[in-house]
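Each remark here refers to the structure printed beneath this line.
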Amino acid sequence: GFCLRFTLLFVIPLIAVLVRWLDHQSSTAIPFSLDTIIEDGGDWIKLRDGRILEYFKSGPENATAKVLVIHGFAQTGRGLKKVLDTQEKHLVREGLQFIAPTIPGFGKSTYHWNRTLEDFAEDIRELMDSLKVNKFSVIGYSYGGPHGLAVAHFLGDRVTGVGLVAPTSPMIQRSFDNFKDNFFRTFPSIARVYARFWMRPNMISREGAEAYGLKIGHGDWEGFSGVGREIFLRDVIRSSTWNWINLGEFLDLVGAYRPFGFDYTELSRNHTRRVRVYCGALDRVMPQLIQRDYEQIKDVAFSNGKHGHFVPYQKPMFFIDVGRDLQYIPRNRVKIEEEEIPPKIVEANQPKRRPEREEGEITPENEIQA
């Protein structure tokens with residue numbers, strides 16, 4: 001009848017236009033003072049297209065090695081800084097400085113309309129250029145894993161090593177089995193608006209952050225306590241509160257559902273840089289079966305530890321050990337009490353053997369111990 005024709009011809013197109021307008025308008029929104037980033041312990045740069053990218057540093061400015069570390073979903077660089085700052089003496093001893101940007105659309109980094117992983121890599125190029133950092137290694141945690149791969153691929157020889165900690169995997173792209181996932185994959189603008197107006201309001205309180213942690217953590221969450229848990233919860237709230245356009249990124253399908261858009265299998269560049277994937281036997285979010293999809297990377301090595309998905313927050317030394325492992329830094333190790341060391345790395349498809357080394361030298365094979 002008339003009502004059906006009117007709905008099909010006018011109402012649905014009007015809703016579609018409104019959804020797309022809301023989605024596009026939000027790409028330049030900055031609903032906070034930039035001074036608050038400084039107050040949060042970070043800094044920011046204005047990118048060439050006018051967007052804001054916030055970032056946080058942890059470790060000495062005169063560090064001999066720089067490590068870019070990329071956070072997970074519904075988190076920010078500030079959470080990783082807070083965790084790493086608890087191990088300041090170890091950062092000084094190791095000569096490491098971590099640089100933790102916030103992915104566009106989270107925290108106080110401006111949302112990037114219809115971005116790709118390559119776009120993120122170009123944002124990082126601008127960031128590292130502004131910091132005058134030429135060589136650095138990359139650690140991508142969870143949702144940040146594919147972003148780390150993109151940085152390593154597109155920034156070429158500037159990246160000296162790649163570590164993926166509980167990363168999302170290309171396998172996820174092939175695992176759609178319900179209507180909502182497929183619907184949002186087909187209509188990303190609707191997915192983004194859904195995320196901002198439905199998901200985000202449920203995650204800006206402590207109760208919402210707790211519910212989110214329980215949902216994604218499954219069995220990991222019950223054993224997650226202490227300072228790290230508090231840092232994680234506060235970071236989820238910060239990620240979801242300050243930018244009203246947040247959380248569109250996950251359902252924007254970037255880094256989780258979309259094809260990566262580049263060949264990540266040649267990242268080792270003929271053995272000239274290390275590529276490591278750190279899997280947790282207790283990880284219920286990104287189990288080892290999914291992470292093994294990265295076996296396609298040539299010369300990759302896997303580290304299989306007895307930890308869950310929240311290991312960077314549960315074991316603050318974890319990222320420091322990974323960062324050191326990516327540097328080939330020999331040193332005389334001082335025993336660290338009451339802190340779990342990430343498990344020993346075994347080279348993929350290589351027989352175990354004891355390398356020849358000088359007394360007291362720490363080699364790549366034994367730098368990280370069980």
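Chain labels A, B, ... are given in the sequence in which chains occur in the structure tokens; within each chain residues are numbered consecutively from 1, and ligands are likewise numbered from 1 in the order shown.
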Test item, strand (DSSP E or B) assignment across region 3-153 of chain A, answer as a PDB file with N, CA, C and O atoms, in the first residue's frame:
```pdb
ATOM      1  N   ASP A  43      51.196  13.327  25.404  1.00  0.00           N
ATOM      2  CA  ASP A  43      51.431  14.443  24.500  1.00  0.00           C
ATOM      3  C   ASP A  43      50.658  14.149  23.222  1.00  0.00           C
ATOM      4  O   ASP A  43      50.029  13.099  23.088  1.00  0.00           O
ATOM      5  N   TRP A  44      50.697  15.070  22.273  1.00  0.00           N
ATOM      6  CA  TRP A  44      49.933  14.877  21.052  1.00  0.00           C
ATOM      7  C   TRP A  44      50.610  15.601  19.898  1.00  0.00           C
ATOM      8  O   TRP A  44      51.417  16.509  20.098  1.00  0.00           O
ATOM      9  N   ILE A  45      50.295  15.143  18.687  1.00  0.00           N
ATOM     10  CA  ILE A  45      50.715  15.850  17.490  1.00  0.00           C
ATOM     11  C   ILE A  45      49.488  16.076  16.619  1.00  0.00           C
ATOM     12  O   ILE A  45      48.502  15.331  16.694  1.00  0.00           O
ATOM     13  N   LYS A  46      49.565  17.123  15.804  1.00  0.00           N
ATOM     14  CA  LYS A  46      48.509  17.379  14.831  1.00  0.00           C
ATOM     15  C   LYS A  46      48.974  16.822  13.503  1.00  0.00           C
ATOM     16  O   LYS A  46      50.009  17.240  12.967  1.00  0.00           O
ATOM     17  N   ILE A  52      44.080  14.753  15.523  1.00  0.00           N
ATOM     18  CA  ILE A  52      44.948  14.706  16.701  1.00  0.00           C
ATOM     19  C   ILE A  52      45.314  13.255  16.990  1.00  0.00           C
ATOM     20  O   ILE A  52      44.443  12.373  16.999  1.00  0.00           O
ATOM     21  N   LEU A  53      46.599  13.007  17.227  1.00  0.00           N
ATOM     22  CA  LEU A  53      47.059  11.687  17.641  1.00  0.00           C
ATOM     23  C   LEU A  53      47.764  11.843  18.982  1.00  0.00           C
ATOM     24  O   LEU A  53      48.789  12.510  19.085  1.00  0.00           O
ATOM     25  N   GLU A  54      47.184  11.244  20.022  1.00  0.00           N
ATOM     26  CA  GLU A  54      47.828  11.311  21.331  1.00  0.00           C
ATOM     27  C   GLU A  54      48.788  10.141  21.496  1.00  0.00           C
ATOM     28  O   GLU A  54      48.618   9.086  20.881  1.00  0.00           O
ATOM     29  N   TYR A  55      49.803  10.333  22.340  1.00  0.00           N
ATOM     30  CA  TYR A  55      50.771   9.274  22.599  1.00  0.00           C
ATOM     31  C   TYR A  55      51.366   9.460  23.984  1.00  0.00           C
ATOM     32  O   TYR A  55      51.303  10.551  24.576  1.00  0.00           O
ATOM     33  N   PHE A  56      51.952   8.381  24.505  1.00  0.00           N
ATOM     34  CA  PHE A  56      52.505   8.375  25.849  1.00  0.00           C
ATOM     35  C   PHE A  56      53.873   7.709  25.814  1.00  0.00           C
ATOM     36  O   PHE A  56      54.094   6.763  25.057  1.00  0.00           O
ATOM     37  N   LYS A  57      54.767   8.194  26.668  1.00  0.00           N
ATOM     38  CA  LYS A  57      56.114   7.638  26.746  1.00  0.00           C
ATOM     39  C   LYS A  57      56.352   7.046  28.123  1.00  0.00           C
ATOM     40  O   LYS A  57      55.869   7.557  29.133  1.00  0.00           O
ATOM     41  N   SER A  58      57.137   5.988  28.154  1.00  0.00           N
ATOM     42  CA  SER A  58      57.572   5.391  29.410  1.00  0.00           C
ATOM     43  C   SER A  58      59.010   4.933  29.239  1.00  0.00           C
ATOM     44  O   SER A  58      59.321   4.189  28.305  1.00  0.00           O
ATOM     45  N   ALA A  65      67.281   2.039  22.925  1.00  0.00           N
ATOM     46  CA  ALA A  65      66.338   1.372  22.027  1.00  0.00           C
ATOM     47  C   ALA A  65      64.935   1.938  22.251  1.00  0.00           C
ATOM     48  O   ALA A  65      64.503   2.100  23.396  1.00  0.00           O
ATOM     49  N   LYS A  66      64.239   2.219  21.167  1.00  0.00           N
ATOM     50  CA  LYS A  66      62.872   2.720  21.220  1.00  0.00           C
ATOM     51  C   LYS A  66      61.918   1.604  20.792  1.00  0.00           C
ATOM     52  O   LYS A  66      62.194   0.876  19.832  1.00  0.00           O
ATOM     53  N   VAL A  67      60.809   1.488  21.511  1.00  0.00           N
ATOM     54  CA  VAL A  67      59.828   0.445  21.222  1.00  0.00           C
ATOM     55  C   VAL A  67      58.453   1.088  21.080  1.00  0.00           C
ATOM     56  O   VAL A  67      57.972   1.741  22.008  1.00  0.00           O
ATOM     57  N   LEU A  68      57.840   0.922  19.921  1.00  0.00           N
ATOM     58  CA  LEU A  68      56.464   1.356  19.711  1.00  0.00           C
ATOM     59  C   LEU A  68      55.546   0.244  20.193  1.00  0.00           C
ATOM     60  O   LEU A  68      55.662  -0.898  19.739  1.00  0.00           O
ATOM     61  N   VAL A  69      54.633   0.544  21.112  1.00  0.00           N
ATOM     62  CA  VAL A  69      53.721  -0.477  21.622  1.00  0.00           C
ATOM     63  C   VAL A  69      52.289  -0.007  21.377  1.00  0.00           C
ATOM     64  O   VAL A  69      51.936   1.135  21.680  1.00  0.00           O
ATOM     65  N   ILE A  70      51.472  -0.886  20.787  1.00  0.00           N
ATOM     66  CA  ILE A  70      50.129  -0.524  20.335  1.00  0.00           C
ATOM     67  C   ILE A  70      49.103  -1.302  21.155  1.00  0.00           C
ATOM     68  O   ILE A  70      49.164  -2.537  21.250  1.00  0.00           O
ATOM     69  N   LEU A  96      65.519   0.969  27.599  1.00  0.00           N
ATOM     70  CA  LEU A  96      64.362   0.918  26.708  1.00  0.00           C
ATOM     71  C   LEU A  96      63.430   2.093  26.979  1.00  0.00           C
ATOM     72  O   LEU A  96      63.182   2.453  28.135  1.00  0.00           O
ATOM     73  N   GLN A  97      62.905   2.673  25.923  1.00  0.00           N
ATOM     74  CA  GLN A  97      61.815   3.630  26.050  1.00  0.00           C
ATOM     75  C   GLN A  97      60.650   3.161  25.189  1.00  0.00           C
ATOM     76  O   GLN A  97      60.821   2.848  24.010  1.00  0.00           O
ATOM     77  N   PHE A  98      59.469   3.104  25.787  1.00  0.00           N
ATOM     78  CA  PHE A  98      58.264   2.692  25.076  1.00  0.00           C
ATOM     79  C   PHE A  98      57.465   3.932  24.662  1.00  0.00           C
ATOM     80  O   PHE A  98      57.299   4.866  25.445  1.00  0.00           O
ATOM     81  N   ILE A  99      56.981   3.906  23.447  1.00  0.00           N
ATOM     82  CA  ILE A  99      56.125   4.970  22.914  1.00  0.00           C
ATOM     83  C   ILE A  99      54.789   4.333  22.589  1.00  0.00           C
ATOM     84  O   ILE A  99      54.710   3.411  21.769  1.00  0.00           O
ATOM     85  N   ALA A 100      53.719   4.801  23.241  1.00  0.00           N
ATOM     86  CA  ALA A 100      52.408   4.158  23.130  1.00  0.00           C
ATOM     87  C   ALA A 100      51.379   5.135  22.574  1.00  0.00           C
ATOM     88  O   ALA A 100      50.788   5.919  23.330  1.00  0.00           O
ATOM     89  N   PRO A 101      51.139   5.116  21.268  1.00  0.00           N
ATOM     90  CA  PRO A 101      50.089   5.971  20.697  1.00  0.00           C
ATOM     91  C   PRO A 101      48.715   5.377  20.973  1.00  0.00           C
ATOM     92  O   PRO A 101      48.585   4.177  21.255  1.00  0.00           O
ATOM     93  N   PHE A 136      63.224   1.665  15.307  1.00  0.00           N
ATOM     94  CA  PHE A 136      62.477   1.236  16.487  1.00  0.00           C
ATOM     95  C   PHE A 136      61.886  -0.145  16.226  1.00  0.00           C
ATOM     96  O   PHE A 136      61.749  -0.578  15.074  1.00  0.00           O
ATOM     97  N   SER A 137      61.551  -0.834  17.293  1.00  0.00           N
ATOM     98  CA  SER A 137      60.829  -2.100  17.169  1.00  0.00           C
ATOM     99  C   SER A 137      59.363  -1.868  17.507  1.00  0.00           C
ATOM    100  O   SER A 137      58.994  -0.820  18.054  1.00  0.00           O
ATOM    101  N   VAL A 138      58.517  -2.827  17.180  1.00  0.00           N
ATOM    102  CA  VAL A 138      57.066  -2.679  17.333  1.00  0.00           C
ATOM    103  C   VAL A 138      56.502  -3.857  18.106  1.00  0.00           C
ATOM    104  O   VAL A 138      56.832  -5.021  17.829  1.00  0.00           O
ATOM    105  N   ILE A 139      55.654  -3.564  19.075  1.00  0.00           N
ATOM    106  CA  ILE A 139      54.873  -4.589  19.770  1.00  0.00           C
ATOM    107  C   ILE A 139      53.394  -4.257  19.567  1.00  0.00           C
ATOM    108  O   ILE A 139      52.954  -3.143  19.878  1.00  0.00           O
ATOM    109  N   GLY A 140      52.632  -5.208  19.036  1.00  0.00           N
ATOM    110  CA  GLY A 140      51.196  -5.035  18.867  1.00  0.00           C
ATOM    111  C   GLY A 140      50.458  -6.000  19.769  1.00  0.00           C
ATOM    112  O   GLY A 140      50.657  -7.210  19.686  1.00  0.00           O
ATOM    113  N   TYR A 141      49.639  -5.469  20.666  1.00  0.00           N
ATOM    114  CA  TYR A 141      48.918  -6.288  21.639  1.00  0.00           C
ATOM    115  C   TYR A 141      47.454  -6.423  21.244  1.00  0.00           C
ATOM    116  O   TYR A 141      46.761  -5.426  21.032  1.00  0.00           O
TER     117      TYR A 141
END
```
Near-Asp49 (chain A) list (12 Å; only C-alpha atoms; drop same-chain fewer than 2 positions) as a count of residues only: 16
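Checking A:Phe232, A:Phe302, A:Phe319, A:Phe73 one by one against Pro146 (chain A), counting only C-alpha atoms, you find the shortest gap at A:Phe73.
One finds CA of Gly105 (chain A) at 13.9 Å from CA of Ile237 (chain A).
Across A:Ser142, A:Gln87, A:Thr272, A:Thr36, the tightest approach to Phe318 (chain A) is made by A:Gln87 when counting only C-alpha atoms.
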Would you work out the distance separating CA of Gly77 (chain A) from CA of Ile38 (chain A), expressed in Å to one decimal?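 Interatomic distance here is 12.9 Å.
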Select, from A:Gly261, A:Gly107, A:Gly226, A:Gly280, the residue with the minimum atom-to-atom distance to Leu34 (chain A), counting only C-alpha atoms. A:Gly107
